[in-house]
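Enquirer: This is entry.txt (compact mmCIF, C-alpha atoms and all ligand atoms).
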# COMPACT_ATOMS: atom_id res chain seq x y z
CA MET K 1248 -6.31 -6.63 -7.02
CA ALA K 1249 -9.18 -4.56 -8.30
CA GLY K 1250 -6.91 -3.07 -10.96
CA ARG K 1251 -6.16 -6.46 -12.46
CA LEU K 1252 -9.83 -7.31 -12.66
CA ALA K 1253 -10.63 -4.00 -14.30
CA GLY K 1254 -7.92 -4.64 -16.88
CA ALA K 1255 -9.16 -8.14 -17.63
CA SER K 1256 -12.81 -7.23 -18.02
CA SER K 1257 -12.39 -4.12 -20.10
CA PRO K 1258 -11.17 -4.67 -23.64
CA LEU K 1259 -10.80 -1.00 -24.54
CA PRO K 1260 -7.66 -0.21 -22.52
CA ARG K 1261 -6.06 -3.28 -24.12
CA ALA K 1262 -6.98 -2.00 -27.55
CA LEU K 1263 -5.42 1.34 -26.63
CA LEU K 1264 -2.25 -0.37 -25.50
CA ILE K 1265 -2.03 -2.30 -28.77
CA LEU K 1266 -2.46 0.99 -30.65
CA ALA K 1267 0.38 2.51 -28.69
CA ILE K 1268 2.57 -0.55 -29.24
CA VAL K 1269 1.93 -0.47 -32.98
CA ALA K 1270 2.90 3.20 -33.01
CA ILE K 1271 6.05 2.53 -30.99
CA PHE K 1272 6.84 -0.37 -33.27
CA SER K 1273 6.50 1.79 -36.42
CA ILE K 1274 8.89 4.32 -34.94
CA PHE K 1275 11.26 1.54 -34.05
CA PHE K 1276 11.36 0.34 -37.66
CA LEU K 1277 11.88 3.85 -38.96
CA PHE K 1278 14.74 4.13 -36.53
CA LEU K 1279 16.26 0.83 -37.69
CA ARG K 1280 15.95 1.90 -41.30
CA SER K 1281 17.70 5.15 -40.54
CA LEU K 1282 20.64 3.09 -39.28
CA GLY K 1283 21.06 1.60 -42.74
CA PRO K 1284 20.06 -1.57 -44.58
CA ALA K 1285 22.42 -3.84 -42.65
CA ALA K 1286 20.67 -3.23 -39.36
CA ALA K 1287 17.10 -3.31 -40.64
CA PRO K 1288 15.19 -6.60 -40.69
CA SER K 1289 14.51 -7.23 -44.35
CA LEU K 1290 11.05 -6.05 -45.24
CA SER K 1291 11.18 -6.19 -49.02
CA VAL K 1292 7.99 -6.38 -51.03
CA ASP K 1293 9.09 -9.80 -52.32
CA GLU K 1294 9.21 -11.09 -48.79
CA SER K 1295 5.81 -9.65 -47.94
CA ARG K 1296 4.39 -11.49 -50.95
CA ARG K 1297 5.78 -14.71 -49.59
CA LEU K 1298 3.94 -14.01 -46.35
CA ARG K 1299 0.70 -13.74 -48.29
CA PRO K 1300 0.43 -16.80 -50.52
CA SER K 1301 -2.65 -15.47 -52.38
CA SER K 1302 -0.62 -12.93 -54.33
CA SER K 1303 2.49 -15.03 -54.97
CA SER K 1304 1.13 -16.63 -58.14
CA SER K 1305 0.85 -13.41 -60.14
CA PRO K 1306 3.25 -10.85 -58.79
CA SER K 1307 2.90 -8.56 -61.81
CA SER K 1308 -0.88 -8.09 -61.73
CA SER K 1309 -2.31 -6.23 -58.78
CA SER K 1310 -3.91 -8.57 -56.28
CA PRO K 1311 -7.42 -7.83 -54.98
CA GLU K 1312 -6.02 -6.77 -51.61
CA THR K 1313 -3.57 -4.25 -53.01
CA SER K 1314 -6.14 -2.72 -55.34
CA LEU K 1315 -8.45 -1.90 -52.42
CA PRO K 1316 -8.16 1.58 -51.02
CA SER K 1317 -6.06 1.52 -47.90
CA VAL K 1318 -5.01 3.90 -45.18
CA TYR K 1319 -1.46 2.63 -45.59
CA HIS K 1320 0.94 3.98 -48.16
CA SER K 1321 2.13 0.45 -48.76
CA PRO K 1322 -0.22 -2.17 -47.27
CA GLU K 1323 2.12 -5.03 -48.18
CA VAL K 1324 5.05 -3.55 -46.34
CA PHE K 1325 2.81 -2.77 -43.39
CA ALA K 1326 1.43 -6.34 -43.34
CA ALA K 1327 4.93 -7.79 -43.48
CA GLY K 1328 6.09 -5.47 -40.71
CA TYR K 1329 3.09 -6.35 -38.61
CA ALA K 1330 3.71 -10.08 -39.03
CA GLU K 1331 7.35 -9.54 -38.14
CA MET K 1332 6.28 -7.67 -35.00
CA GLU K 1333 3.95 -10.46 -33.94
CA ARG K 1334 6.74 -12.96 -34.44
CA SER K 1335 9.78 -11.32 -32.95
CA PHE K 1336 9.16 -7.95 -31.30
CA LYS K 1337 10.35 -7.91 -27.68
CA VAL K 1338 10.40 -5.38 -24.88
CA TYR K 1339 12.63 -5.57 -21.82
CA ILE K 1340 11.42 -3.87 -18.65
CA TYR K 1341 14.22 -2.77 -16.36
CA PRO K 1342 13.66 -4.66 -13.09
CA ASP K 1343 15.18 -1.98 -10.86
CA GLY K 1344 13.26 0.17 -8.41
CA ASP K 1345 11.07 -0.75 -5.45
CA PRO K 1346 7.51 -1.32 -6.74
CA LYS K 1347 6.21 0.16 -3.47
CA THR K 1348 7.71 3.55 -4.31
CA PHE K 1349 7.59 5.03 -7.84
CA TYR K 1350 8.49 2.10 -10.03
CA GLN K 1351 7.06 -0.88 -11.89
CA THR K 1352 3.40 -0.68 -10.89
CA PRO K 1353 0.73 1.87 -11.67
CA ARG K 1354 -0.77 3.86 -8.83
CA LYS K 1355 -4.34 3.41 -9.94
CA LEU K 1356 -6.41 2.64 -12.99
CA THR K 1357 -8.99 5.39 -12.63
CA GLY K 1358 -9.31 9.06 -13.46
CA LYS K 1359 -7.56 10.94 -16.22
CA TYR K 1360 -4.24 9.22 -15.56
CA ALA K 1361 -5.71 5.76 -16.19
CA SER K 1362 -3.83 5.45 -19.49
CA GLU K 1363 -0.51 5.56 -17.66
CA GLY K 1364 -1.67 2.89 -15.22
CA TYR K 1365 -2.98 0.60 -17.94
CA PHE K 1366 0.18 1.05 -19.97
CA PHE K 1367 2.33 -0.15 -17.05
CA GLN K 1368 0.02 -3.01 -16.19
CA ASN K 1369 -0.54 -4.27 -19.71
CA ILE K 1370 3.04 -4.11 -20.82
CA ARG K 1371 4.05 -6.21 -17.82
CA GLU K 1372 1.49 -8.85 -18.79
CA SER K 1373 2.15 -8.55 -22.51
CA ARG K 1374 3.39 -11.38 -24.71
CA PHE K 1375 5.88 -8.88 -26.17
CA ARG K 1376 7.72 -8.81 -22.87
CA THR K 1377 11.02 -10.64 -22.55
CA HIS K 1378 13.10 -11.24 -19.44
CA ASP K 1379 16.22 -11.58 -21.58
CA PRO K 1380 17.59 -8.12 -22.40
CA ASP K 1381 19.74 -9.59 -25.20
CA ARG K 1382 16.55 -10.47 -27.10
CA ALA K 1383 14.96 -7.05 -26.60
CA ASP K 1384 14.27 -4.56 -29.39
CA LEU K 1385 13.13 -1.87 -26.97
CA PHE K 1386 13.73 -1.07 -23.31
CA PHE K 1387 11.02 0.26 -21.03
CA VAL K 1388 12.01 2.59 -18.18
CA PRO K 1389 9.29 1.84 -15.60
CA ILE K 1390 9.07 5.01 -13.57
CA SER K 1391 5.65 6.49 -12.84
CA PRO K 1392 5.44 10.28 -12.43
CA HIS K 1393 1.79 9.88 -11.49
CA LYS K 1394 2.73 7.77 -8.50
CA MET K 1395 5.18 10.45 -7.37
CA ARG K 1396 2.42 13.00 -7.53
CA GLY K 1397 0.22 10.65 -5.48
CA LYS K 1398 2.84 10.56 -2.74
CA GLY K 1399 3.01 14.36 -2.62
CA THR K 1400 6.57 14.57 -3.94
CA SER K 1401 7.59 18.10 -4.94
CA TYR K 1402 8.47 18.81 -8.57
CA GLU K 1403 12.09 19.50 -7.59
CA ASN K 1404 12.34 16.13 -5.86
CA MET K 1405 10.61 14.33 -8.73
CA THR K 1406 13.17 15.67 -11.17
CA MET K 1407 15.99 14.46 -8.92
CA ILE K 1408 14.46 11.02 -8.35
CA VAL K 1409 13.93 10.45 -12.07
CA LYS K 1410 17.44 11.65 -12.91
CA ASP K 1411 19.08 9.41 -10.29
CA TYR K 1412 17.06 6.41 -11.40
CA VAL K 1413 17.78 6.75 -15.11
CA GLU K 1414 21.46 7.55 -14.58
CA GLY K 1415 21.65 4.47 -12.35
CA LEU K 1416 20.33 2.32 -15.23
CA MET K 1417 22.80 3.89 -17.65
CA ASN K 1418 25.74 3.01 -15.43
CA LYS K 1419 24.57 -0.44 -14.43
CA TYR K 1420 23.55 -1.79 -17.86
CA PRO K 1421 25.27 -1.54 -21.26
CA TYR K 1422 22.03 -0.94 -23.20
CA TRP K 1423 21.58 2.82 -22.96
CA ASN K 1424 25.04 3.64 -24.25
CA ARG K 1425 24.62 1.50 -27.40
CA THR K 1426 22.11 3.93 -28.91
CA LEU K 1427 22.20 6.82 -26.42
CA GLY K 1428 18.67 5.85 -25.43
CA ALA K 1429 17.06 5.76 -28.88
CA ASP K 1430 15.71 2.24 -28.24
CA HIS K 1431 14.37 3.18 -24.81
CA PHE K 1432 10.88 4.41 -24.04
CA PHE K 1433 8.93 5.83 -21.12
CA VAL K 1434 5.50 7.18 -20.28
CA THR K 1435 4.66 10.69 -19.15
CA CYS K 1436 1.07 11.65 -18.60
CA HIS K 1437 0.13 15.30 -18.57
CA ASP K 1438 2.18 18.07 -17.02
CA VAL K 1439 3.46 15.92 -14.13
CA GLY K 1440 5.49 13.70 -16.40
CA VAL K 1441 6.86 16.59 -18.38
CA ARG K 1442 8.15 18.28 -15.23
CA ALA K 1443 9.52 15.04 -13.78
CA PHE K 1444 11.81 14.44 -16.76
CA GLU K 1445 13.16 18.00 -16.89
CA GLY K 1446 16.49 16.88 -15.43
CA LEU K 1447 17.11 14.56 -18.39
CA PRO K 1448 16.88 16.70 -21.54
CA PHE K 1449 18.88 14.18 -23.59
CA MET K 1450 16.37 11.45 -22.68
CA VAL K 1451 13.43 13.62 -23.78
CA LYS K 1452 15.38 14.31 -26.99
CA ASN K 1453 16.53 10.73 -27.76
CA SER K 1454 14.08 8.23 -26.28
CA ILE K 1455 10.54 7.43 -27.37
CA ARG K 1456 8.06 9.13 -25.09
CA ALA K 1457 4.45 8.01 -24.81
CA VAL K 1458 2.52 11.15 -23.84
CA CYS K 1459 -1.12 11.48 -22.81
CA SER K 1460 -1.47 15.12 -23.86
CA PRO K 1461 0.88 15.61 -26.75
CA SER K 1462 0.63 19.34 -27.20
CA TYR K 1463 3.57 20.67 -29.08
CA ASN K 1464 4.35 23.01 -26.19
CA VAL K 1465 5.34 20.07 -23.98
CA ASP K 1466 8.22 19.32 -26.34
CA PHE K 1467 6.34 16.59 -28.18
CA ILE K 1468 8.64 15.44 -30.97
CA PRO K 1469 6.38 14.08 -33.74
CA HIS K 1470 8.93 11.85 -35.50
CA LYS K 1471 9.62 9.73 -32.43
CA ASP K 1472 7.05 10.39 -29.68
CA VAL K 1473 3.74 8.59 -29.38
CA ALA K 1474 0.34 9.91 -28.33
CA LEU K 1475 -1.08 7.56 -25.72
CA PRO K 1476 -4.86 7.67 -26.07
CA GLN K 1477 -6.53 9.08 -23.00
CA VAL K 1478 -9.18 7.10 -21.27
CA LEU K 1479 -11.28 8.26 -18.33
CA GLN K 1480 -11.97 5.31 -16.05
CA PRO K 1481 -14.32 3.89 -15.10
CA PHE K 1482 -16.85 4.52 -17.86
CA ALA K 1483 -20.10 5.92 -16.46
CA LEU K 1484 -22.35 3.69 -18.57
CA PRO K 1485 -22.06 0.32 -20.33
CA GLU K 1486 -20.70 0.10 -23.86
CA GLY K 1487 -22.93 0.94 -26.82
CA GLY K 1488 -23.62 -1.56 -29.50
CA ASN K 1489 -24.76 -1.93 -33.06
CA ASP K 1490 -27.96 0.07 -32.57
CA ILE K 1491 -28.06 2.45 -35.51
CA GLU K 1492 -31.85 2.90 -35.29
CA ASN K 1493 -31.43 4.70 -31.97
CA ARG K 1494 -28.71 7.01 -33.27
CA THR K 1495 -30.86 9.86 -34.48
CA ASN K 1496 -28.28 12.64 -34.13
CA LEU K 1497 -25.87 12.93 -37.01
CA GLY K 1498 -23.16 14.58 -34.92
CA PHE K 1499 -22.50 15.60 -31.33
CA TRP K 1500 -20.03 17.77 -29.51
CA ALA K 1501 -20.19 19.60 -26.18
CA GLY K 1502 -17.25 21.31 -24.58
CA HIS K 1503 -15.39 24.51 -23.85
CA ARG K 1504 -14.51 26.73 -26.77
CA ASN K 1505 -10.88 26.81 -25.79
CA SER K 1506 -9.22 26.45 -29.17
CA LYS K 1507 -9.54 28.07 -32.57
CA ILE K 1508 -11.08 24.98 -34.19
CA ARG K 1509 -13.71 24.70 -31.43
CA VAL K 1510 -14.71 28.33 -31.76
CA ILE K 1511 -15.15 27.93 -35.53
CA LEU K 1512 -16.96 24.60 -35.15
CA ALA K 1513 -19.45 26.07 -32.69
CA ARG K 1514 -19.99 29.18 -34.79
CA VAL K 1515 -20.65 27.27 -38.02
CA TRP K 1516 -22.69 24.38 -36.65
CA GLU K 1517 -24.47 25.65 -33.51
CA ASN K 1518 -27.89 26.07 -35.20
CA ASP K 1519 -27.75 22.96 -37.38
CA THR K 1520 -30.75 20.84 -36.37
CA GLU K 1521 -29.15 17.56 -37.49
CA LEU K 1522 -26.29 18.11 -35.06
CA ALA K 1523 -26.18 18.41 -31.29
CA ILE K 1524 -23.60 21.09 -30.68
CA SER K 1525 -23.74 22.42 -27.15
CA ASN K 1526 -22.83 25.91 -26.22
CA ASN K 1527 -20.65 24.65 -23.41
CA ARG K 1528 -19.68 21.61 -21.45
CA ILE K 1529 -22.77 19.72 -20.28
CA ASN K 1530 -22.66 19.66 -16.51
CA ARG K 1531 -24.34 17.49 -13.91
CA ALA K 1532 -26.88 20.17 -13.06
CA ILE K 1533 -28.69 19.55 -16.36
CA GLY K 1534 -29.36 15.91 -15.54
CA GLU K 1535 -27.79 12.60 -14.64
CA LEU K 1536 -25.29 11.45 -17.33
CA VAL K 1537 -26.82 13.61 -20.06
CA TYR K 1538 -23.42 14.01 -21.68
CA GLN K 1539 -22.76 10.24 -21.86
CA LYS K 1540 -26.26 9.47 -23.12
CA GLN K 1541 -25.72 11.75 -26.09
CA PHE K 1542 -23.00 9.36 -27.31
CA TYR K 1543 -25.61 6.56 -27.48
CA ARG K 1544 -27.90 8.72 -29.62
CA THR K 1545 -25.29 9.90 -32.10
CA LYS K 1546 -23.68 8.48 -35.23
CA PHE K 1547 -20.55 10.65 -35.36
CA CYS K 1548 -18.97 12.18 -32.26
CA ILE K 1549 -16.77 15.14 -33.02
CA CYS K 1550 -13.47 15.22 -31.10
CA PRO K 1551 -11.89 18.62 -31.82
CA GLY K 1552 -8.56 19.53 -30.23
CA GLY K 1553 -8.94 21.81 -27.24
CA SER K 1554 -6.30 23.33 -25.02
CA GLN K 1555 -4.61 19.92 -25.33
CA VAL K 1556 -4.31 17.93 -28.54
CA ASN K 1557 -5.56 14.66 -27.08
CA SER K 1558 -8.99 14.04 -25.60
CA ALA K 1559 -10.75 11.28 -23.67
CA ARG K 1560 -13.67 11.86 -26.06
CA ILE K 1561 -12.07 9.51 -28.56
CA SER K 1562 -12.14 6.53 -26.20
CA ASP K 1563 -15.58 7.59 -24.89
CA SER K 1564 -16.90 7.59 -28.46
CA ILE K 1565 -15.52 4.13 -29.21
CA HIS K 1566 -16.90 2.79 -25.94
CA TYR K 1567 -20.41 4.13 -26.54
CA GLY K 1568 -20.47 2.96 -30.15
CA CYS K 1569 -20.23 6.39 -31.79
CA VAL K 1570 -17.77 6.96 -34.64
CA PRO K 1571 -15.13 9.44 -33.41
CA GLY K 1572 -14.31 12.17 -35.90
C1 LIG M 1 12.39 16.47 -0.95
O1 LIG M 1 13.60 15.77 -0.66
C2 LIG M 1 14.21 16.16 0.55
C3 LIG M 1 15.56 15.45 0.66
O2 LIG M 1 15.44 14.07 0.39
C4 LIG M 1 13.28 15.82 1.71
O3 LIG M 1 13.85 16.18 2.94
C5 LIG M 1 11.95 16.55 1.49
O4 LIG M 1 11.02 16.17 2.50
C6 LIG M 1 11.36 16.24 0.14
N1 LIG M 1 10.20 17.08 -0.08
C7 LIG M 1 9.10 16.67 -0.69
C8 LIG M 1 7.95 17.62 -0.75
O5 LIG M 1 9.02 15.55 -1.19
C1 LIG M 2 27.83 4.93 -20.45
O1 LIG M 2 28.49 6.13 -20.81
C2 LIG M 2 28.69 7.02 -19.72
C3 LIG M 2 29.26 8.31 -20.28
O2 LIG M 2 30.28 8.05 -21.18
C4 LIG M 2 29.56 6.38 -18.66
O3 LIG M 2 29.73 7.24 -17.56
C5 LIG M 2 28.91 5.10 -18.20
O4 LIG M 2 29.73 4.42 -17.28
C6 LIG M 2 28.63 4.18 -19.39
N1 LIG M 2 27.87 3.02 -18.92
C7 LIG M 2 28.33 1.78 -19.03
C8 LIG M 2 27.48 0.71 -18.47
O5 LIG M 2 29.39 1.52 -19.53
C1 LIG M 3 -33.18 1.60 -28.69
O1 LIG M 3 -33.80 2.34 -27.67
C2 LIG M 3 -34.91 1.69 -27.05
C3 LIG M 3 -35.57 2.67 -26.10
O2 LIG M 3 -34.62 3.25 -25.24
C4 LIG M 3 -34.42 0.43 -26.37
O3 LIG M 3 -35.48 -0.25 -25.75
C5 LIG M 3 -33.76 -0.47 -27.40
O4 LIG M 3 -33.19 -1.61 -26.77
C6 LIG M 3 -32.65 0.27 -28.13
N1 LIG M 3 -32.13 -0.55 -29.22
C7 LIG M 3 -30.90 -1.09 -29.20
C8 LIG M 3 -30.54 -1.96 -30.36
O5 LIG M 3 -30.13 -0.87 -28.30
C1 LIG M 4 -27.66 30.84 -34.53
O1 LIG M 4 -28.80 31.37 -33.91
C2 LIG M 4 -28.56 32.52 -33.10
C3 LIG M 4 -29.87 32.91 -32.42
O2 LIG M 4 -30.92 32.89 -33.33
C4 LIG M 4 -28.00 33.65 -33.97
O3 LIG M 4 -27.69 34.77 -33.17
C5 LIG M 4 -26.71 33.15 -34.64
O4 LIG M 4 -26.19 34.12 -35.52
C6 LIG M 4 -26.96 31.86 -35.42
N1 LIG M 4 -25.71 31.32 -35.91
C7 LIG M 4 -25.49 30.98 -37.19
C8 LIG M 4 -24.14 30.44 -37.54
O5 LIG M 4 -26.33 31.10 -38.03
If you convert what's in this file into C-alpha cells, what do you get?
Expert:
Amino acid sequence: MAGRLAGASSPLPRALLILAIVAIFSIFFLFLRSLGPAAAPSLSVDESRRLRPSSSSSPSSSSPETSLPSVYHSPEVFAAGYAEMERSFKVYIYPDGDPKTFYQTPRKLTGKYASEGYFFQNIRESRFRTHDPDRADLFFVPISPHKMRGKGTSYENMTMIVKDYVEGLMNKYPYWNRTLGADHFFVTCHDVGVRAFEGLPFMVKNSIRAVCSPSYNVDFIPHKDVALPQVLQPFALPEGGNDIENRTNLGFWAGHRNSKIRVILARVWENDTELAISNNRINRAIGELVYQKQFYRTKFCICPGGSQVNSARISDSIHYGCVPG
C-alpha cells in the first residue's frame, strides 16, 4: 500500500513515534513508581553504573558524562531506564474490531491527521509489540476516531461505538480491571477524538491519551497524557540539510495572531531586520511555496502556541533543517 511505502521512506514520522513512545514510557515508569518499590523495576543509580562500565571504576568522583550539562535531572537514571525500555518494554494491541471499519488500521497518512495514522501503523510494526498479553507493560486500544469521521459517522454514534468497543474489551479480557485502565493507552487527534471518547469519562481520566492538539481545554491531563507531535503530510519540499551558509535569516515566523504570545511576538519583533516575522499567514497568492522556502533560509524557526498548543511547524522545522524554537 502507498501508506506503507510512505512510512518506510520517511524517517521523520518514525522519529515522532519514538518520541511519543519515550514519553509514554516515562509516564509508565512514574506510574509504576507510584505503586511502590515492590512493583517498580529496580532503577537504582548503582545499577545504572553497572550498565555504563566507564564510570564503575570510580563511583565517588563525577564521571565525564555526569559532569556535562544535561537536559535530564538525572542522566544516569534516564540512561538506565532507557536501556531497560529497549530490553523489555512491550505493548499489546487488542486484536478485536474489524480493520475494515474503525479499528486497527489508519484511514490515511496525509493531512493534519497523519500523526494518528502513523501512530497506528508504526506501533503495529514496532519491535515493542508483543502478541502475548501476559508479557505486556501497556495495552493499546486500537480505535481510530479519524476513520469514523471519514465514514461520516455522527458524533452521537461515534460516542456509542467507542463506548461499546471499550466496554467489550473490559468484559472479555482481565487486563483493564487490574489497573482500571491506567496501563492502557489510546490516540485522539483533534476535536474528533475528544468527542468520540465522551461516553467514557473514566477512560479519559485513567488511561494514557496521546493527543495531537493538547490544549488544556480538551481535558489534557499533563501528568499522564502525551502530546503527539503533529505532522502535515506529505511535505511540500524535500528535507533541508546542513547548509548554514544559505540560512541568512536568524528567525522566522508567519501565522495568525490568535494567541497572547503571538500578538506580543509580532509586536516586539515585526520590524527587526534580522528576523522574518510576517504580519499574517503566508498564502499561496504571494507565490509558490514561499512559506516552506523560508524554512530553508532560516536558522531558528519560531513555533509559538496558537489557538492550539501543538503545531505542525515543529515537524516542518525539523524536516527543512531549521532549529525549532
Ligand atoms: C447512527 O446509528 C443509527 C443506528 O445504528 C443509524 O441508523 C444511523 O444511520 C447512524 N447515523 C449516522 C450519521 O451514522
Ligand atoms: C471488570 O469489572 C467490571 C465491573 O466490576 C465487570 O462488569 C466486568 O465483568 C469485569 N471484567 C472481567 C473480565 O472480569
Ligand atoms: C545554497 O543555495 C544555492 C543557491 O540556491 C544552492 O545552489 C546551493 O546548493 C545551496 N547550498 C546548500 C549546501 O544547499
Ligand atoms: C514597526 O513599524 C511600523 C511602521 O513603521 C510602526 O508603526 C510600528 O510601531 C513599529 N513597531 C515597533 C515594535 O517598533
Enquirer: Counting all atoms listed in the file, what residues are within 7 Å of ligand LIG 4 (chain M), given as a VMD selection string?
Expert: chain K and resid 1514 to 1518
Enquirer: Could you please take those selected residues and save C-alpha atoms as a short mmCIF file (atom, residue, chain, number, x, y, z; two decimals), in the coordinates of the input?
Expert:
data_model
loop_
_atom_site.label_atom_id
_atom_site.label_comp_id
_atom_site.auth_asym_id
_atom_site.auth_seq_id
_atom_site.Cartn_x
_atom_site.Cartn_y
_atom_site.Cartn_z
CA ARG K 1514 -19.99 29.18 -34.79
CA VAL K 1515 -20.65 27.27 -38.02
CA TRP K 1516 -22.69 24.38 -36.65
CA GLU K 1517 -24.47 25.65 -33.51
CA ASN K 1518 -27.89 26.07 -35.20
#
Enquirer: Output the neighbourhood of ligand LIG 3 (chain M) as a PDB file with C-alpha atoms, in the frame of the given file, that is, all protein and nucleic acid residues with some atom at most 10 Å from the ligand, counting all atoms listed in the file.
Expert:
ATOM      1  CA  GLY K1487     -22.930   0.940 -26.820  1.00  0.00           C
ATOM      2  CA  GLY K1488     -23.620  -1.560 -29.500  1.00  0.00           C
ATOM      3  CA  ASN K1489     -24.760  -1.930 -33.060  1.00  0.00           C
ATOM      4  CA  ASP K1490     -27.960   0.070 -32.570  1.00  0.00           C
ATOM      5  CA  ILE K1491     -28.060   2.450 -35.510  1.00  0.00           C
ATOM      6  CA  GLU K1492     -31.850   2.900 -35.290  1.00  0.00           C
ATOM      7  CA  ASN K1493     -31.430   4.700 -31.970  1.00  0.00           C
ATOM      8  CA  ARG K1494     -28.710   7.010 -33.270  1.00  0.00           C
ATOM      9  CA  TYR K1543     -25.610   6.560 -27.480  1.00  0.00           C
ATOM     10  CA  ARG K1544     -27.900   8.720 -29.620  1.00  0.00           C
TER      11      ARG K1544
END
Enquirer: Could you produce a table of the residues of region 1431-1522 of chain K lying within 8 Å of region 1341-1363 of chain K, with the nearest pair of atoms per residue and their separation in Å rounded to one decimal, using all atoms listed in the file, ordered by chain and increasing residue number, as CSV?
Expert:
residue,atom,partner,partner_atom,distance
K:Val1434,CA,K:Glu1363,CA,6.8
K:Thr1435,CA,K:Glu1363,CA,7.4
K:Cys1436,CA,K:Glu1363,CA,6.4
K:Cys1459,CA,K:Ser1362,CA,7.4
K:Leu1475,CA,K:Ser1362,CA,7.1
K:Pro1476,CA,K:Ser1362,CA,7.0
K:Gln1477,CA,K:Ser1362,CA,5.7
K:Val1478,CA,K:Ser1362,CA,5.9
K:Leu1479,CA,K:Lys1359,CA,5.0
K:Gln1480,CA,K:Thr1357,CA,4.5
K:Pro1481,CA,K:Thr1357,CA,6.1
Enquirer: Looking at K:Ala1523, K:Met1417, K:Ala1513, K:Ala1474, which one is nearest to ligand LIG 2 (chain M), with distances taken over all atoms listed in the file?
Expert: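 Closest to ligand LIG 2 (chain M) of all the choices is K:Met1417.
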Enquirer: Please check which protein, DNA or RNA residues sit within 12 Å of ligand LIG 1 (chain M), counting all atoms listed in the file, and write them as a ChimeraX atom specification.
Expert: /K:1395-1408
Enquirer: Considering all atoms listed in the file, can you say which of K:Asp1384, K:Gly1428, K:Lys1410, K:Val1338 comes closest to ligand LIG 2 (chain M)?
Expert: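 Smallest separation from ligand LIG 2 (chain M) among the options: K:Gly1428.
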Enquirer: Which residues of chain K sit at most 10 Å from ligand LIG 2 (chain M), using all atoms listed in the file? Give each one's shortest atom pair and distance in Å (one decimal place), in chain and ascending residue order, as JSON lines.
Expert:
{"residue": "K:Glu1414", "atom": "CA", "partner": "M:LIG2", "partner_atom": "C5", "distance": 8.6}
{"residue": "K:Gly1415", "atom": "CA", "partner": "M:LIG2", "partner_atom": "N1", "distance": 9.2}
{"residue": "K:Leu1416", "atom": "CA", "partner": "M:LIG2", "partner_atom": "C8", "distance": 8.0}
{"residue": "K:Met1417", "atom": "CA", "partner": "M:LIG2", "partner_atom": "N1", "distance": 5.3}
{"residue": "K:Asn1418", "atom": "CA", "partner": "M:LIG2", "partner_atom": "N1", "distance": 4.1}
{"residue": "K:Lys1419", "atom": "CA", "partner": "M:LIG2", "partner_atom": "C8", "distance": 5.1}
{"residue": "K:Tyr1420", "atom": "CA", "partner": "M:LIG2", "partner_atom": "C8", "distance": 4.7}
{"residue": "K:Pro1421", "atom": "CA", "partner": "M:LIG2", "partner_atom": "C8", "distance": 4.2}
{"residue": "K:Tyr1422", "atom": "CA", "partner": "M:LIG2", "partner_atom": "C8", "distance": 7.4}
{"residue": "K:Trp1423", "atom": "CA", "partner": "M:LIG2", "partner_atom": "C1", "distance": 7.1}
{"residue": "K:Asn1424", "atom": "CA", "partner": "M:LIG2", "partner_atom": "C1", "distance": 4.9}
{"residue": "K:Arg1425", "atom": "CA", "partner": "M:LIG2", "partner_atom": "C1", "distance": 8.4}
{"residue": "K:Leu1427", "atom": "CA", "partner": "M:LIG2", "partner_atom": "C1", "distance": 8.4}
Enquirer: Could you state the separation of CA of Leu1512 (chain K) and CA of His1566 (chain K) in Å, given to one decimal place?
Expert: 23.7 Å
Enquirer: Kindly give the distance, in Å, that separates CA of Arg1376 (chain K) and CA of Asp1472 (chain K), rounded to a single decimal.
Expert: 20.4 Å
Enquirer: Taking into account all atoms listed in the file, which residue in the set K:Leu1484, K:Ile1390, K:Ile1549, K:Ile1340 is nearest to Gly1440 (chain K)?
Expert: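 Smallest separation from Gly1440 (chain K) among the options: K:Ile1390.
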Enquirer: In Å, with one decimal, what is the gap from CA of Phe1547 (chain K) to CA of Ser1564 (chain K)?
Expert: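 Computed distance, CA of Phe1547 (chain K) to CA of Ser1564 (chain K), equals 8.4 Å.
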Enquirer: Which of these residues is nearest to Gly1498 (chain K), using all atoms listed in the file: K:Ser1460, K:Cys1548, K:Glu1486, K:Ile1565?
Expert: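 Closest to Gly1498 (chain K) of all the choices is K:Cys1548.
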Enquirer: Using only C-alpha atoms for the distances, tell me which of K:Ala1429, K:Leu1536, K:Ile1511, K:Val1451 is nearest to Phe1467 (chain K).
Expert: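 Among K:Ala1429, K:Leu1536, K:Ile1511, K:Val1451, it is K:Val1451 that comes nearest to Phe1467 (chain K).
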